[in-house]
$ cat data.cif   # mmCIF, C-alpha atoms
data_structure
loop_
_atom_site.label_atom_id
_atom_site.label_comp_id
_atom_site.auth_asym_id
_atom_site.auth_seq_id
_atom_site.Cartn_x
_atom_site.Cartn_y
_atom_site.Cartn_z
CA ARG W 1 0.00 0.00 0.00
CA ARG W 2 1.19 3.49 -0.83
CA ARG W 3 1.35 5.84 2.13
CA SER W 4 0.81 9.57 1.91
CA CYS W 5 3.62 11.59 3.55
CA GLY W 6 1.25 13.92 5.34
CA GLY W 7 -1.50 11.41 5.77
CA GLU W 8 -3.82 13.46 3.57
CA GLY W 9 -4.81 10.48 1.51
CA LEU W 10 -5.74 8.31 4.49
CA ARG W 11 -9.17 8.53 6.06
CA ARG W 12 -10.08 6.72 9.20
CA ARG W 13 -13.29 4.79 8.77
CA GLU W 14 -15.89 5.92 11.30
CA ARG W 15 -17.37 3.20 13.42
CA PRO W 16 -21.16 2.90 13.63
CA GLY W 17 -22.56 5.38 16.13
CA GLU W 18 -19.20 7.11 16.66
CA LYS W 19 -20.32 10.39 15.07
CA GLU W 20 -23.48 10.42 17.17
CA ASN W 21 -21.45 9.87 20.36
CA MET W 22 -19.08 12.71 19.46
CA ASP W 23 -22.02 15.02 18.74
CA SER W 24 -23.69 14.17 22.04
CA GLN W 25 -20.47 14.83 23.94
CA ALA W 26 -20.08 18.17 22.20
CA GLN W 27 -23.64 19.13 23.09
CA LYS W 28 -23.38 17.96 26.71
CA PRO W 29 -23.45 21.10 28.90
CA GLN W 30 -20.50 21.75 31.16
CA ARG W 31 -21.23 21.57 34.86
CA ILE W 32 -21.47 24.94 36.56
CA TRP W 33 -18.63 25.22 39.07
CA GLU W 34 -20.33 27.45 41.64
CA VAL W 35 -23.52 25.36 41.71
CA ASP W 36 -21.58 22.18 42.52
CA PHE W 37 -19.54 24.08 45.12
CA MET W 38 -22.60 25.44 46.92
CA ARG W 39 -24.26 22.04 46.81
CA GLY W 40 -21.19 20.62 48.54
CA VAL W 41 -21.42 23.36 51.20
CA ALA W 42 -25.08 22.47 51.81
CA LEU W 43 -24.23 18.78 52.12
CA LEU W 44 -21.47 19.38 54.67
CA ALA W 45 -23.74 21.62 56.75
CA MET W 46 -26.47 18.98 56.75
CA VAL W 47 -24.03 16.24 57.79
CA TYR W 48 -22.90 18.39 60.71
CA TYR W 49 -26.50 19.04 61.75
CA HIS W 50 -27.33 15.34 61.70
CA VAL W 51 -24.31 14.57 63.89
CA VAL W 52 -25.63 17.07 66.44
CA TYR W 53 -29.16 15.65 66.13
CA ASP W 54 -28.01 12.06 66.68
CA LEU W 55 -25.86 13.02 69.68
CA ARG W 56 -28.86 14.66 71.33
CA GLU W 57 -31.61 12.22 70.43
CA PHE W 58 -29.83 8.88 70.76
CA TYR W 59 -27.02 9.53 73.26
CA ASP W 60 -28.49 12.32 75.44
CA VAL W 61 -25.52 14.63 74.86
CA PRO W 62 -26.55 18.07 76.20
CA ILE W 63 -26.37 19.91 72.90
CA SER W 64 -29.23 21.71 71.19
CA TYR W 65 -30.20 21.44 67.55
CA SER W 66 -33.45 23.42 67.74
CA ASP W 67 -31.92 26.87 68.21
CA GLY W 68 -28.71 28.83 67.91
CA VAL W 69 -25.90 28.07 65.47
CA ASN W 70 -26.74 24.39 65.11
CA PHE W 71 -30.29 25.17 64.06
CA CYS W 72 -28.95 27.64 61.49
CA PHE W 73 -26.71 24.93 60.03
CA GLY W 74 -29.66 22.57 59.61
CA ARG W 75 -32.20 25.03 58.29
CA GLY W 76 -29.65 26.89 56.17
CA SER W 77 -28.50 23.69 54.46
CA ALA W 78 -32.10 22.71 53.66
CA LEU W 79 -32.88 26.16 52.23
CA LEU W 80 -29.73 26.06 50.12
CA PHE W 81 -30.67 22.63 48.77
CA MET W 82 -34.13 23.95 47.84
CA LEU W 83 -32.75 26.98 46.01
CA LEU W 84 -30.13 24.94 44.16
CA SER W 85 -32.66 22.26 43.23
CA GLY W 86 -35.02 24.83 41.74
CA LEU W 87 -32.13 26.51 39.94
CA SER W 88 -30.87 23.19 38.55
CA CYS W 89 -34.29 22.37 37.11
CA THR W 90 -33.88 25.33 34.75
CA LEU W 91 -30.52 24.00 33.54
CA ALA W 92 -31.55 20.45 32.63
CA GLY W 93 -34.64 18.98 31.01
CA ARG W 94 -35.00 15.81 33.09
CA SER W 95 -36.67 17.08 36.25
CA VAL W 96 -39.37 14.38 36.18
CA ARG W 97 -36.88 11.52 35.93
CA ARG W 98 -34.69 13.03 38.62
CA GLY W 99 -37.71 13.78 40.78
CA LEU W 100 -38.89 10.17 40.69
CA GLU W 101 -35.40 9.03 41.67
CA VAL W 102 -35.10 11.43 44.62
CA LEU W 103 -38.65 10.74 45.82
CA GLY W 104 -37.98 7.01 45.63
CA PHE W 105 -34.97 7.37 47.92
CA GLY W 106 -37.10 9.45 50.27
CA LEU W 107 -39.64 6.63 50.51
CA VAL W 108 -36.81 4.21 51.29
CA ILE W 109 -35.80 6.48 54.18
CA THR W 110 -39.41 6.48 55.41
CA ALA W 111 -39.51 2.67 55.41
CA VAL W 112 -36.15 2.29 57.14
CA THR W 113 -36.83 4.86 59.86
CA ALA W 114 -40.32 3.44 60.51
CA LEU W 115 -38.80 -0.01 61.09
CA TYR W 116 -35.82 1.25 63.10
CA ASP W 117 -37.61 3.73 65.38
CA PRO W 118 -41.25 4.74 64.71
CA GLY W 119 -40.79 7.68 67.08
CA HIS W 120 -38.24 9.18 64.68
CA VAL W 121 -39.87 8.24 61.38
CA VAL W 122 -39.26 10.59 58.44
CA SER W 123 -42.71 10.96 56.88
CA PHE W 124 -41.99 13.84 54.48
CA GLY W 125 -38.41 15.01 54.77
CA ILE W 126 -36.11 16.97 52.52
CA LEU W 127 -35.79 14.22 49.90
CA HIS W 128 -39.57 13.76 49.70
CA PHE W 129 -39.91 17.51 49.27
CA LEU W 130 -37.21 17.87 46.63
CA GLY W 131 -38.45 14.92 44.62
CA THR W 132 -42.04 16.14 44.66
CA SER W 133 -40.97 19.68 43.76
CA MET W 134 -39.02 18.40 40.75
CA LEU W 135 -42.11 16.52 39.60
CA LEU W 136 -44.20 19.69 39.95
CA TYR W 137 -41.70 21.99 38.25
CA PRO W 138 -42.86 21.28 34.65
CA LEU W 139 -46.19 22.89 35.60
CA THR W 140 -44.33 26.18 36.16
CA ALA W 141 -41.48 25.79 33.66
CA ARG W 142 -42.93 28.33 31.19
CA LEU W 143 -43.16 31.10 33.78
CA GLY W 144 -40.60 33.89 33.81
CA PRO W 145 -38.50 34.96 36.80
CA GLY W 146 -41.01 37.59 37.95
CA ALA W 147 -43.99 35.22 37.84
CA LEU W 148 -42.03 32.48 39.62
CA THR W 149 -41.04 34.91 42.37
CA LEU W 150 -44.62 36.11 42.82
CA LEU W 151 -45.98 32.57 42.91
CA GLY W 152 -43.29 31.58 45.40
CA ALA W 153 -44.26 34.46 47.70
CA VAL W 154 -47.92 33.41 47.57
CA ILE W 155 -46.98 29.83 48.48
CA LEU W 156 -44.91 31.07 51.43
CA TRP W 157 -47.93 33.03 52.66
CA LEU W 158 -50.20 30.01 52.27
CA GLY W 159 -47.65 27.98 54.22
CA GLY W 160 -48.06 30.30 57.18
CA LEU W 161 -51.80 29.63 57.12
CA ALA W 162 -51.29 25.87 56.80
CA ALA W 163 -48.95 25.79 59.81
CA ARG W 164 -51.76 27.14 62.00
CA THR W 165 -54.33 24.65 60.71
CA THR W 166 -55.05 21.18 62.07
CA VAL W 167 -57.07 18.77 59.93
CA ALA W 168 -58.99 15.62 60.81
CA VAL W 169 -57.56 13.55 57.93
CA GLY W 170 -54.05 12.20 57.92
CA PHE W 171 -53.02 12.22 54.25
CA LEU W 172 -52.61 15.97 53.63
CA PHE W 173 -49.28 16.32 55.45
CA PRO W 174 -47.27 16.72 52.18
CA LEU W 175 -49.15 20.00 51.73
CA GLY W 176 -48.41 21.15 55.27
CA LEU W 177 -51.83 20.26 56.69
CA ARG W 178 -51.23 17.97 59.67
CA GLY W 179 -53.41 15.88 61.91
CA GLU W 180 -53.01 15.84 65.67
CA ASP W 181 -51.05 12.57 65.71
CA PHE W 182 -48.69 13.42 62.81
CA VAL W 183 -45.00 12.56 63.38
CA SER W 184 -41.98 13.32 61.21
CA SER W 185 -38.49 13.91 62.58
CA ASP W 186 -37.61 15.70 59.33
CA TYR W 187 -40.48 17.69 57.83
CA TYR W 188 -40.48 19.99 54.80
CA PRO W 189 -44.02 20.24 53.34
CA LEU W 190 -44.81 21.86 50.01
CA LEU W 191 -46.46 24.74 51.84
CA PRO W 192 -44.42 26.88 52.39
CA TRP W 193 -41.16 25.39 51.09
CA PHE W 194 -42.15 24.99 47.44
CA GLY W 195 -42.04 28.77 47.38
CA VAL W 196 -38.30 28.65 48.13
CA PHE W 197 -37.86 26.08 45.36
CA LEU W 198 -39.56 28.48 42.92
CA PHE W 199 -37.27 31.29 44.07
CA GLY W 200 -34.38 29.07 43.03
CA ALA W 201 -36.00 28.47 39.63
CA ALA W 202 -36.39 32.24 39.23
CA LEU W 203 -32.69 32.72 39.99
CA GLY W 204 -31.81 30.04 37.47
CA LYS W 205 -33.77 31.74 34.69
CA LEU W 206 -32.43 35.15 35.65
CA LEU W 207 -28.75 34.35 36.18
CA TYR W 208 -28.19 31.28 34.00
CA ALA W 209 -30.31 31.93 30.93
CA ASP W 210 -27.41 30.78 28.73
CA LYS W 211 -26.71 27.78 31.04
CA LYS W 212 -23.11 28.87 31.63
CA SER W 213 -21.10 29.68 34.73
CA LEU W 214 -21.04 33.26 35.96
CA LEU W 215 -17.30 32.94 36.58
CA LYS W 216 -15.07 34.25 33.80
CA THR W 217 -12.34 31.72 34.57
CA ARG W 218 -13.05 28.29 35.97
CA PRO W 219 -11.42 27.80 39.40
CA PRO W 220 -9.68 24.53 40.23
CA GLU W 221 -11.77 21.65 41.52
CA THR W 222 -12.19 21.39 45.30
CA PRO W 223 -13.43 18.62 47.62
CA LEU W 224 -16.69 20.55 47.89
CA ASN W 225 -17.18 20.33 44.12
CA TRP W 226 -16.60 16.59 44.32
CA LEU W 227 -19.22 16.31 47.07
CA GLY W 228 -21.61 18.55 45.15
CA ARG W 229 -21.63 16.15 42.20
CA ARG W 230 -22.52 13.21 44.44
CA THR W 231 -25.02 14.63 46.90
CA LEU W 232 -27.69 11.94 46.61
CA PRO W 233 -25.56 8.82 47.28
CA ILE W 234 -23.66 10.63 50.03
CA TYR W 235 -26.91 11.80 51.58
CA MET W 236 -28.23 8.23 51.62
CA ALA W 237 -25.02 6.88 53.17
CA HIS W 238 -24.11 9.59 55.67
CA GLN W 239 -26.71 8.91 58.37
CA PRO W 240 -25.95 5.16 58.68
CA ALA W 241 -22.24 6.05 58.73
CA ILE W 242 -22.80 8.60 61.51
CA MET W 243 -24.86 6.16 63.55
CA LEU W 244 -22.21 3.45 63.20
CA ALA W 245 -19.40 5.84 64.15
CA LEU W 246 -21.26 7.11 67.23
CA PHE W 247 -22.13 3.56 68.27
CA LEU W 248 -18.47 2.57 68.15
CA ILE W 249 -17.37 5.71 70.00
CA PHE W 250 -19.90 5.48 72.82
CA ARG W 251 -19.57 1.73 73.12
#

$ encode --input "data.cif" --output "structure tokens"
Amino acid sequence: RRRSCGGEGLRRRERPGEKENMDSQAQKPQRIWEVDFMRGVALLAMVYYHVVYDLREFYDVPISYSDGVNFCFGRGSALLFMLLSGLSCTLAGRSVRRGLEVLGFGLVITAVTALYDPGHVVSFGILHFLGTSMLLYPLTARLGPGALTLLGAVILWLGGLAARTTVAVGFLFPLGLRGEDFVSSDYYPLLPWFGVFLFGAALGKLLYADKKSLLKTRPPETPLNWLGRRTLPIYMAHQPAIMLALFLIFR
């Protein structure tokens, strides 16, 4: 065979599907550095809060999680997760698929906590909320930032009314309407917290309309970015890991 000196006469035969794979990789959006970073911050804060919670509830360590700095860690991490989840729904078009996945893991947590300790069952925690909110997002996806913000404010106001209302039925707790015997050690109902989720969606449409990072130069990767890309599996594993570690320490 005659070879061309510069290789101009040789063409590599494309394998079936290779062009499509290259096109899909080229079209795949680059992850937004600051979103992953903030998600990692939220995850670390939530892990810390759960350590404090477990020390108090299961080992009677005199430390409070219902007020002060520890409460701020717990509530702040949840609020940050809500904002980032709403924001992320504007960046990707698979909110329903992701919502079913997150809600499914939330139901697993409900089953495990009900079997382990019914007094600390998680009936509608942060994963239930986030999964349900992702499923609901397509109903509001066509709204602009202003309309999303207004709707979010209305939902926050309705949440204040729901918190002061007790109902006779027991199946409305995802909306924030609770019966007298309702129990959930982690509770984030749609009213009012879906309003915060919509605020995040408004920020996503306002700040990331072109689906690109706001940073002019991409900073180096950090451990928080690594955590932020793996929040769901780490969230599922962190509480059993904390319980095992505390058991070994106090034993």

$ closest_residue --input "data.cif" --among "W:Val154, W:Val69, W:Ile249, W:Leu198" --to "W:Ser133" --atoms "all atoms listed in the file"
W:Leu198

$ residues_around --input "data.cif" --residues "W:Gly200" --least-positions-apart "3" --cutoff "12 Å" --atoms "all atoms listed in the file" --output "PyMOL selection string"
chain W and resi 35+79-91+133-134+137+145-146+148-149+152+193-197+203-208

$ residues_around --input "data.cif" --residues "W:Phe37" --least-positions-apart "5" --cutoff "6 Å" --atoms "all atoms listed in the file" --output "list in words"
Leu224, Asn225 and Gly228 of chain W

$ closest_residue --input "data.cif" --among "W:Gly76, W:Gly106, W:Gly125, W:Gly99" --to "W:Pro189" --atoms "all atoms listed in the file"
W:Gly125

$ closest_residue --input "data.cif" --among "W:Ser95, W:Thr231, W:Thr132, W:Ser66" --to "W:Leu43" --atoms "all atoms listed in the file"
W:Thr231

$ build_atoms --input "data.cif" --residues "stretch 162-194 of chain W" --atoms "N, CA and C atoms" --output "compact mmCIF listing (two decimals), in the frame of the given file"
# COMPACT_ATOMS: atom_id res chain seq x y z
N ALA W 162 -51.23 27.32 56.61
CA ALA W 162 -51.29 25.87 56.80
C ALA W 162 -50.68 25.46 58.13
N ALA W 163 -49.61 26.14 58.56
CA ALA W 163 -48.95 25.79 59.81
C ALA W 163 -49.85 25.99 61.02
N ARG W 164 -50.84 26.87 60.89
CA ARG W 164 -51.76 27.14 62.00
C ARG W 164 -53.06 26.36 61.88
N THR W 165 -53.10 25.40 60.96
CA THR W 165 -54.33 24.65 60.71
C THR W 165 -54.12 23.18 61.04
N THR W 166 -55.05 22.60 61.76
CA THR W 166 -55.05 21.18 62.07
C THR W 166 -56.25 20.54 61.38
N VAL W 167 -56.01 19.43 60.68
CA VAL W 167 -57.07 18.77 59.93
C VAL W 167 -57.37 17.41 60.54
N ALA W 168 -58.56 16.90 60.24
CA ALA W 168 -58.99 15.62 60.81
C ALA W 168 -58.45 14.44 60.02
N VAL W 169 -58.08 14.64 58.76
CA VAL W 169 -57.56 13.55 57.93
C VAL W 169 -56.04 13.51 58.03
N GLY W 170 -55.48 12.35 57.72
CA GLY W 170 -54.05 12.20 57.92
C GLY W 170 -53.21 12.14 56.67
N PHE W 171 -53.78 12.39 55.49
CA PHE W 171 -53.02 12.22 54.25
C PHE W 171 -52.65 13.54 53.58
N LEU W 172 -52.91 14.67 54.23
CA LEU W 172 -52.61 15.97 53.63
C LEU W 172 -51.29 16.56 54.14
N PHE W 173 -50.52 15.77 54.88
CA PHE W 173 -49.28 16.32 55.45
C PHE W 173 -48.26 16.76 54.41
N PRO W 174 -48.22 16.17 53.16
CA PRO W 174 -47.27 16.72 52.18
C PRO W 174 -47.55 18.18 51.84
N LEU W 175 -48.80 18.61 52.01
CA LEU W 175 -49.15 20.00 51.73
C LEU W 175 -48.90 20.92 52.92
N GLY W 176 -48.59 20.34 54.07
CA GLY W 176 -48.41 21.15 55.27
C GLY W 176 -49.62 21.15 56.19
N LEU W 177 -50.63 20.37 55.86
CA LEU W 177 -51.83 20.26 56.69
C LEU W 177 -51.73 18.98 57.50
N ARG W 178 -51.54 19.12 58.81
CA ARG W 178 -51.23 17.97 59.67
C ARG W 178 -52.39 17.63 60.59
N GLY W 179 -52.48 16.34 60.89
CA GLY W 179 -53.41 15.88 61.91
C GLY W 179 -52.76 15.96 63.28
N GLU W 180 -53.53 15.70 64.30
CA GLU W 180 -53.01 15.84 65.67
C GLU W 180 -51.94 14.80 66.00
N ASP W 181 -52.00 13.63 65.39
CA ASP W 181 -51.05 12.57 65.71
C ASP W 181 -49.92 12.45 64.68
N PHE W 182 -49.72 13.48 63.85
CA PHE W 182 -48.69 13.42 62.81
C PHE W 182 -47.30 13.46 63.43
N VAL W 183 -46.39 12.62 62.91
CA VAL W 183 -45.00 12.56 63.38
C VAL W 183 -44.07 12.54 62.17
N SER W 184 -43.04 13.36 62.21
CA SER W 184 -41.98 13.32 61.21
C SER W 184 -40.77 14.04 61.78
N SER W 185 -39.68 13.30 61.98
CA SER W 185 -38.49 13.91 62.58
C SER W 185 -37.82 14.90 61.63
N ASP W 186 -38.09 14.76 60.34
CA ASP W 186 -37.61 15.70 59.33
C ASP W 186 -38.82 16.06 58.47
N TYR W 187 -39.21 17.33 58.45
CA TYR W 187 -40.48 17.69 57.83
C TYR W 187 -40.35 18.96 57.02
N TYR W 188 -40.52 18.85 55.70
CA TYR W 188 -40.48 19.99 54.80
C TYR W 188 -41.65 19.88 53.82
N PRO W 189 -42.84 20.34 54.22
CA PRO W 189 -44.02 20.24 53.34
C PRO W 189 -43.94 21.23 52.19
N LEU W 190 -44.79 21.00 51.19
CA LEU W 190 -44.81 21.86 50.01
C LEU W 190 -45.21 23.28 50.36
N LEU W 191 -46.10 23.42 51.32
CA LEU W 191 -46.46 24.74 51.84
C LEU W 191 -45.75 24.94 53.17
N PRO W 192 -44.76 25.78 53.29
CA PRO W 192 -44.42 26.88 52.39
C PRO W 192 -43.21 26.66 51.49
N TRP W 193 -42.52 25.50 51.62
CA TRP W 193 -41.16 25.39 51.09
C TRP W 193 -41.08 25.33 49.58
N PHE W 194 -42.18 24.96 48.90
CA PHE W 194 -42.15 24.99 47.44
C PHE W 194 -41.94 26.42 46.93
